[in-house]
$ cat entry-v1.txt   # compact mmCIF, C-alpha atoms
# COMPACT_ATOMS: atom_id res chain seq x y z
CA MET A 148 0.00 0.00 0.00
CA LYS A 149 1.44 3.35 -1.06
CA PRO A 150 1.75 5.92 1.77
CA THR A 151 -0.40 9.02 1.27
CA THR A 152 0.81 12.60 1.48
CA ARG A 153 -0.65 16.08 1.99
CA ASP A 154 0.46 19.53 0.90
CA HIS A 155 1.16 22.27 3.46
CA VAL A 156 1.75 25.93 2.57
CA VAL A 157 4.66 27.71 4.24
CA ALA A 158 3.75 31.39 3.88
CA ALA A 159 4.15 34.75 5.58
CA THR A 160 2.37 38.08 5.43
CA HIS A 161 4.24 41.35 5.13
CA PHE A 162 2.35 44.55 6.01
CA VAL A 163 3.46 46.22 2.76
CA LEU A 164 4.09 43.31 0.38
CA GLY A 165 1.09 41.22 1.46
CA PRO A 166 0.99 37.42 1.67
CA SER A 167 3.82 35.44 0.08
CA ASN A 168 4.45 31.72 -0.23
CA PHE A 169 7.85 30.24 0.52
CA VAL A 170 7.07 26.66 -0.58
CA VAL A 171 4.15 24.27 -0.71
CA ILE A 172 5.73 21.34 1.08
CA ARG A 173 4.51 17.78 0.66
CA LEU A 174 4.60 15.67 3.82
CA PRO A 175 3.43 12.19 4.81
CA GLU A 176 -0.25 12.05 5.81
CA ASN A 177 0.37 11.79 9.56
CA TRP A 178 2.42 15.02 9.78
CA ASP A 179 0.92 18.50 10.36
CA LEU A 180 2.60 21.89 9.95
CA ARG A 181 2.35 24.35 12.85
CA LEU A 182 3.82 27.81 13.44
CA GLY A 183 7.48 27.77 14.37
CA ARG A 184 9.43 29.53 17.11
CA GLN A 185 11.10 32.12 14.88
CA PRO A 186 9.24 35.06 13.32
CA MET A 187 8.71 34.91 9.57
CA ASP A 188 10.19 37.64 7.43
CA VAL A 189 9.92 38.53 3.74
CA ASP A 190 12.35 41.00 2.15
CA TYR A 191 11.64 40.60 -1.58
CA THR A 192 8.85 38.89 -3.53
CA VAL A 193 8.26 37.79 -7.09
CA ALA A 194 4.95 37.00 -8.82
CA TYR A 195 4.68 33.78 -10.80
CA ASP A 196 1.39 32.57 -12.34
CA GLY A 197 -0.65 34.92 -10.15
CA VAL A 198 0.96 33.79 -6.88
CA ARG A 199 3.43 35.88 -4.90
CA TRP A 200 6.53 33.94 -3.80
CA ALA A 201 9.08 35.06 -1.22
CA GLN A 202 12.22 35.65 -3.24
CA GLU A 203 14.26 36.52 -0.17
CA GLY A 204 13.20 35.77 3.38
CA ARG A 205 12.94 33.20 6.14
CA ALA A 206 10.23 31.14 7.79
CA SER A 207 10.04 28.47 10.45
CA GLY A 208 7.59 25.76 11.29
CA LEU A 209 7.06 22.79 13.51
CA LEU A 210 6.13 19.48 11.92
CA VAL A 211 4.07 17.45 14.38
CA ASP A 212 3.12 13.77 14.30
CA MET A 213 0.47 13.54 17.02
CA GLN A 214 0.08 9.76 16.75
CA ALA A 215 3.77 9.05 17.37
CA ARG A 216 4.13 12.10 19.67
CA ARG A 217 7.16 13.58 17.94
CA ALA A 218 8.09 16.89 16.35
CA ILE A 219 10.59 18.20 13.81
CA GLU A 220 11.69 21.81 13.48
CA LEU A 221 11.61 23.22 9.96
CA ALA A 222 13.59 26.27 8.84
CA VAL A 223 12.97 27.66 5.34
CA ARG A 224 15.14 30.31 3.81
CA THR A 225 15.03 31.79 0.32
CA ALA A 226 17.61 34.09 -1.25
CA ARG A 227 18.50 35.59 -4.60
CA GLY A 228 22.16 34.82 -3.88
CA THR A 229 23.81 32.01 -1.96
CA ILE A 230 23.03 30.56 1.46
CA PRO A 231 25.86 28.92 3.40
CA PRO A 232 25.16 25.27 4.29
CA PRO A 233 25.10 24.19 7.94
CA LYS A 234 28.16 22.55 9.49
CA LEU A 235 27.13 18.93 9.96
CA GLU A 236 29.04 16.09 11.59
CA ALA A 237 29.07 12.63 10.00
CA SER A 238 27.33 14.10 6.96
CA ARG A 239 25.95 11.83 4.22
CA PRO A 240 25.45 13.91 1.04
CA GLY A 241 23.18 13.00 -1.84
CA THR A 242 21.03 14.31 -4.67
CA CYS A 243 17.29 14.22 -5.25
CA LYS A 244 14.52 15.98 -7.18
CA ILE A 245 12.29 18.59 -5.51
CA GLY A 246 9.46 20.06 -7.55
CA GLY A 247 11.21 19.09 -10.78
CA HIS A 248 14.48 20.77 -9.75
CA ALA A 249 17.77 19.02 -9.09
CA ALA A 250 18.48 19.31 -5.37
CA SER A 251 21.33 18.39 -3.10
CA TYR A 252 20.86 17.18 0.44
CA ALA A 253 22.99 16.30 3.43
CA LEU A 254 21.92 14.18 6.38
CA GLY A 255 23.99 14.48 9.54
CA SER A 256 24.06 15.79 13.07
CA ALA A 257 24.74 19.19 14.59
CA HIS A 258 25.27 20.61 18.06
CA LEU A 259 22.69 23.35 18.62
CA GLY A 260 21.55 25.48 21.52
CA LEU A 261 23.13 28.25 23.56
CA PHE A 262 26.11 26.17 24.68
CA ARG A 263 26.00 23.74 21.71
CA THR A 264 25.10 20.86 24.03
CA LYS A 265 21.98 19.59 22.24
CA VAL A 266 22.62 17.09 19.47
CA TYR A 267 20.08 17.18 16.63
CA SER A 268 19.78 15.08 13.49
CA VAL A 269 19.62 17.48 10.54
CA LEU A 270 18.38 17.06 6.98
CA HIS A 271 19.52 19.98 4.81
CA VAL A 272 18.00 20.28 1.31
CA SER A 273 18.97 23.05 -1.10
CA TYR A 274 18.01 23.78 -4.70
CA ARG A 275 17.77 26.61 -7.20
CA CYS A 276 14.42 27.59 -8.75
CA ASP A 277 15.08 29.37 -12.05
CA GLU A 278 11.41 30.31 -12.54
CA THR A 279 11.35 32.46 -9.38
CA HIS A 280 15.09 33.34 -9.49
CA ARG A 281 15.86 32.17 -5.96
CA LEU A 282 17.67 29.56 -3.91
CA VAL A 283 15.44 27.51 -1.60
CA ASP A 284 17.04 26.14 1.57
CA LEU A 285 15.11 23.66 3.78
CA ARG A 286 16.46 22.45 7.14
CA PHE A 287 14.73 19.75 9.17
CA MET A 288 16.01 19.34 12.76
CA HIS A 289 15.02 16.41 14.97
CA LYS A 290 16.26 15.20 18.37
CA GLY A 291 15.65 11.56 17.41
CA ASN A 292 17.46 9.37 14.92
CA ALA A 293 18.16 10.39 11.33
CA GLN A 294 15.99 7.65 9.80
CA VAL A 295 12.86 9.71 10.55
CA LEU A 296 14.30 12.59 8.51
CA GLU A 297 15.43 10.28 5.72
CA GLY A 298 11.79 9.23 5.31
CA PHE A 299 10.93 12.78 4.22
CA LEU A 300 13.06 12.65 1.06
CA VAL A 301 10.51 10.71 -1.03
CA PRO A 302 7.45 12.91 -0.21
CA LEU A 303 9.55 16.10 -0.61
CA ALA A 304 9.84 15.36 -4.33
CA GLY A 305 6.28 16.72 -4.67
CA THR A 306 7.11 20.03 -3.00
CA ARG A 307 6.26 23.09 -5.13
CA CYS A 308 8.27 26.30 -5.25
CA HIS A 309 6.40 28.10 -8.06

$ encode --input "entry-v1.txt" --output "structure tokens"
Amino acid sequence: MKPTTRDHVVAATHFVLGPSNFVVIRLPENWDLRLGRQPMDVDYTVAYDGVRWAQEGRASGLLVDMQARRAIELAVRTARGTIPPPKLEASRPGTCKIGGHAASYALGSAHLGLFRTKVYSVLHVSYRCDETHRLVDLRFMHKGNAQVLEGFLVPLAGTRCH
């Protein structure tokens, strides 16, 4: 039986620029997207097919699986230029397709927190969208094992960025 997925819109509203989408992320059916801890910010937007997309900005979210009682932090960043990748330990790089674009990913661990004492598994996915002229950077951070994050790579192929 093929696992089902749902689309979730990561968007922000700017008081001058109005609402803008970052990505429409595809997740497994049991995961929900909630507001994240960091404020969302949009600096530049671009219109594509009647939808306004955040060309430069940042957003955060919390992916929640209520049945398994676990959560994953999501950080989304878009830029017209480059975005430096995170420093990951024991990184396993790879390539995949996201929304029809060639993407690179790295799966590893990072020490986060004020004193860098908390160890998180991190999935970092980055790709360039030529239609909206921006780089899309997705970071999934989880306190559990990396296999949970690796399971997101297949559904993420259906993520839309324009």

$ closest_atom_pairs --input "entry-v1.txt" --of "segment 244-308 of chain A" --to "segment 168-189 of chain A" --cutoff "8 Å" --atoms "all atoms listed in the file" --output "tab-separated table"
residue	atom	partner	partner_atom	distance
A:Phe299	CA	A:Leu174	CA	7.0
A:Pro302	CA	A:Leu174	CA	5.7
A:Leu303	CA	A:Arg173	CA	5.5
A:Ala304	CA	A:Arg173	CA	7.7
A:Gly305	CA	A:Arg173	CA	5.7
A:Thr306	CA	A:Ile172	CA	4.5
A:Arg307	CA	A:Val171	CA	5.0
A:Cys308	CA	A:Val170	CA	4.8

$ residues_around --input "entry-v1.txt" --residues "Ala257 of chain A" --least-positions-apart "2" --cutoff "12 Å" --atoms "all atoms listed in the file" --output "short mmCIF file (atom, residue, chain, number, x, y, z; two decimals) with C-alpha atoms, in the coordinates of the input"
data_model
loop_
_atom_site.label_atom_id
_atom_site.label_comp_id
_atom_site.auth_asym_id
_atom_site.auth_seq_id
_atom_site.Cartn_x
_atom_site.Cartn_y
_atom_site.Cartn_z
CA PRO A 232 25.16 25.27 4.29
CA PRO A 233 25.10 24.19 7.94
CA LYS A 234 28.16 22.55 9.49
CA LEU A 235 27.13 18.93 9.96
CA GLU A 236 29.04 16.09 11.59
CA ALA A 237 29.07 12.63 10.00
CA SER A 238 27.33 14.10 6.96
CA ALA A 253 22.99 16.30 3.43
CA LEU A 254 21.92 14.18 6.38
CA GLY A 255 23.99 14.48 9.54
CA LEU A 259 22.69 23.35 18.62
CA GLY A 260 21.55 25.48 21.52
CA ARG A 263 26.00 23.74 21.71
CA THR A 264 25.10 20.86 24.03
CA LYS A 265 21.98 19.59 22.24
CA VAL A 266 22.62 17.09 19.47
CA TYR A 267 20.08 17.18 16.63
CA SER A 268 19.78 15.08 13.49
CA VAL A 269 19.62 17.48 10.54
CA LEU A 270 18.38 17.06 6.98
CA HIS A 271 19.52 19.98 4.81
CA ARG A 286 16.46 22.45 7.14
CA PHE A 287 14.73 19.75 9.17
CA MET A 288 16.01 19.34 12.76
CA HIS A 289 15.02 16.41 14.97
CA LYS A 290 16.26 15.20 18.37
CA ALA A 293 18.16 10.39 11.33
#

$ atom_distance --input "entry-v1.txt" --atom1 "atom CA of Glu220 of chain A" --atom2 "atom CA of His161 of chain A"
22.5 Å

$ residues_around --input "entry-v1.txt" --residues "segment 199-205 of chain A" --least-positions-apart "3" --cutoff "8 Å" --atoms "all atoms listed in the file" --output "list in words"
Pro166, Ser167, Asn168, Phe169, Val170, Met187, Asp188, Val189, Asp190, Tyr191, Thr192, Val193, Ala194, Tyr195, Ala222, Val223, Arg224, Thr225, Ala226, Arg227, Thr279, His280, Arg281, Cys308 and His309 of chain A

$ residues_near_point --input "entry-v1.txt" --point "(19.5, 21.1, -9.5)" --cutoff "7 Å" --atoms "only C-alpha atoms" --output "short mmCIF file (atom, residue, chain, number, x, y, z; two decimals) with C-alpha atoms, in the frame of the given file"
data_model
loop_
_atom_site.label_atom_id
_atom_site.label_comp_id
_atom_site.auth_asym_id
_atom_site.auth_seq_id
_atom_site.Cartn_x
_atom_site.Cartn_y
_atom_site.Cartn_z
CA HIS A 248 14.48 20.77 -9.75
CA ALA A 249 17.77 19.02 -9.09
CA ALA A 250 18.48 19.31 -5.37
CA TYR A 274 18.01 23.78 -4.70
CA ARG A 275 17.77 26.61 -7.20
#

$ atom_distance --input "entry-v1.txt" --atom1 "atom CA of Thr229 of chain A" --atom2 "atom CA of Gly247 of chain A"
20.1 Å

$ atom_distance --input "entry-v1.txt" --atom1 "atom CA of Gly208 of chain A" --atom2 "atom CA of Ala159 of chain A"
11.2 Å

$ closest_residue --input "entry-v1.txt" --among "A:Ile219, A:Thr151, A:Leu210, A:Gly165" --to "Val301 of chain A" --atoms "all atoms listed in the file"
A:Thr151

$ build_atoms --input "entry-v1.txt" --residues "segment 170-194 of chain A" --atoms "N, CA and C atoms" --output "tab-separated table (two decimals), in the frame of the given file"
chain	number	residue	atom	x	y	z
A	170	VAL	N	7.20	27.93	0.13
A	170	VAL	CA	7.07	26.66	-0.58
A	170	VAL	C	5.73	26.04	-0.21
A	171	VAL	N	5.28	25.13	-1.04
A	171	VAL	CA	4.15	24.27	-0.71
A	171	VAL	C	4.76	22.89	-0.52
A	172	ILE	N	4.95	22.53	0.73
A	172	ILE	CA	5.73	21.34	1.08
A	172	ILE	C	4.82	20.12	1.19
A	173	ARG	N	5.26	19.03	0.61
A	173	ARG	CA	4.51	17.78	0.66
A	173	ARG	C	5.09	16.89	1.76
A	174	LEU	N	4.20	16.48	2.67
A	174	LEU	CA	4.60	15.67	3.82
A	174	LEU	C	3.76	14.41	3.89
A	175	PRO	N	4.26	13.38	4.59
A	175	PRO	CA	3.43	12.19	4.81
A	175	PRO	C	2.14	12.57	5.52
A	176	GLU	N	1.10	11.78	5.32
A	176	GLU	CA	-0.25	12.05	5.81
A	176	GLU	C	-0.32	12.33	7.31
A	177	ASN	N	0.48	11.66	8.11
A	177	ASN	CA	0.37	11.79	9.56
A	177	ASN	C	1.06	13.03	10.13
A	178	TRP	N	1.71	13.83	9.30
A	178	TRP	CA	2.42	15.02	9.78
A	178	TRP	C	1.59	16.28	9.51
A	179	ASP	N	1.57	17.19	10.49
A	179	ASP	CA	0.92	18.50	10.36
A	179	ASP	C	1.97	19.59	10.48
A	180	LEU	N	1.70	20.74	9.86
A	180	LEU	CA	2.60	21.89	9.95
A	180	LEU	C	1.99	22.92	10.89
A	181	ARG	N	2.77	23.33	11.88
A	181	ARG	CA	2.35	24.35	12.85
A	181	ARG	C	3.32	25.53	12.77
A	182	LEU	N	2.94	26.64	13.40
A	182	LEU	CA	3.82	27.81	13.44
A	182	LEU	C	5.09	27.48	14.20
A	183	GLY	N	6.20	28.01	13.73
A	183	GLY	CA	7.48	27.77	14.37
A	183	GLY	C	7.81	28.80	15.43
A	184	ARG	N	9.00	28.64	16.02
A	184	ARG	CA	9.43	29.53	17.11
A	184	ARG	C	9.96	30.86	16.61
A	185	GLN	N	10.48	30.91	15.41
A	185	GLN	CA	11.10	32.12	14.88
A	185	GLN	C	10.08	32.93	14.09
A	186	PRO	N	10.17	34.25	14.14
A	186	PRO	CA	9.24	35.06	13.32
A	186	PRO	C	9.57	34.92	11.84
A	187	MET	N	8.53	35.00	11.01
A	187	MET	CA	8.71	34.91	9.57
A	187	MET	C	8.98	36.29	9.01
A	188	ASP	N	9.80	36.36	7.99
A	188	ASP	CA	10.19	37.64	7.43
A	188	ASP	C	10.33	37.51	5.92
A	189	VAL	N	9.82	38.48	5.20
A	189	VAL	CA	9.92	38.53	3.74
A	189	VAL	C	10.56	39.85	3.35
A	190	ASP	N	11.66	39.79	2.59
A	190	ASP	CA	12.35	41.00	2.15
A	190	ASP	C	12.00	41.37	0.71
A	191	TYR	N	11.96	40.38	-0.18
A	191	TYR	CA	11.64	40.60	-1.58
A	191	TYR	C	10.68	39.52	-2.05
A	192	THR	N	9.79	39.87	-2.97
A	192	THR	CA	8.85	38.89	-3.53
A	192	THR	C	8.90	38.93	-5.04
A	193	VAL	N	8.38	37.88	-5.64
A	193	VAL	CA	8.26	37.79	-7.09
A	193	VAL	C	6.92	37.11	-7.39
A	194	ALA	N	6.23	37.60	-8.42
A	194	ALA	CA	4.95	37.00	-8.82
A	194	ALA	C	5.20	35.98	-9.92
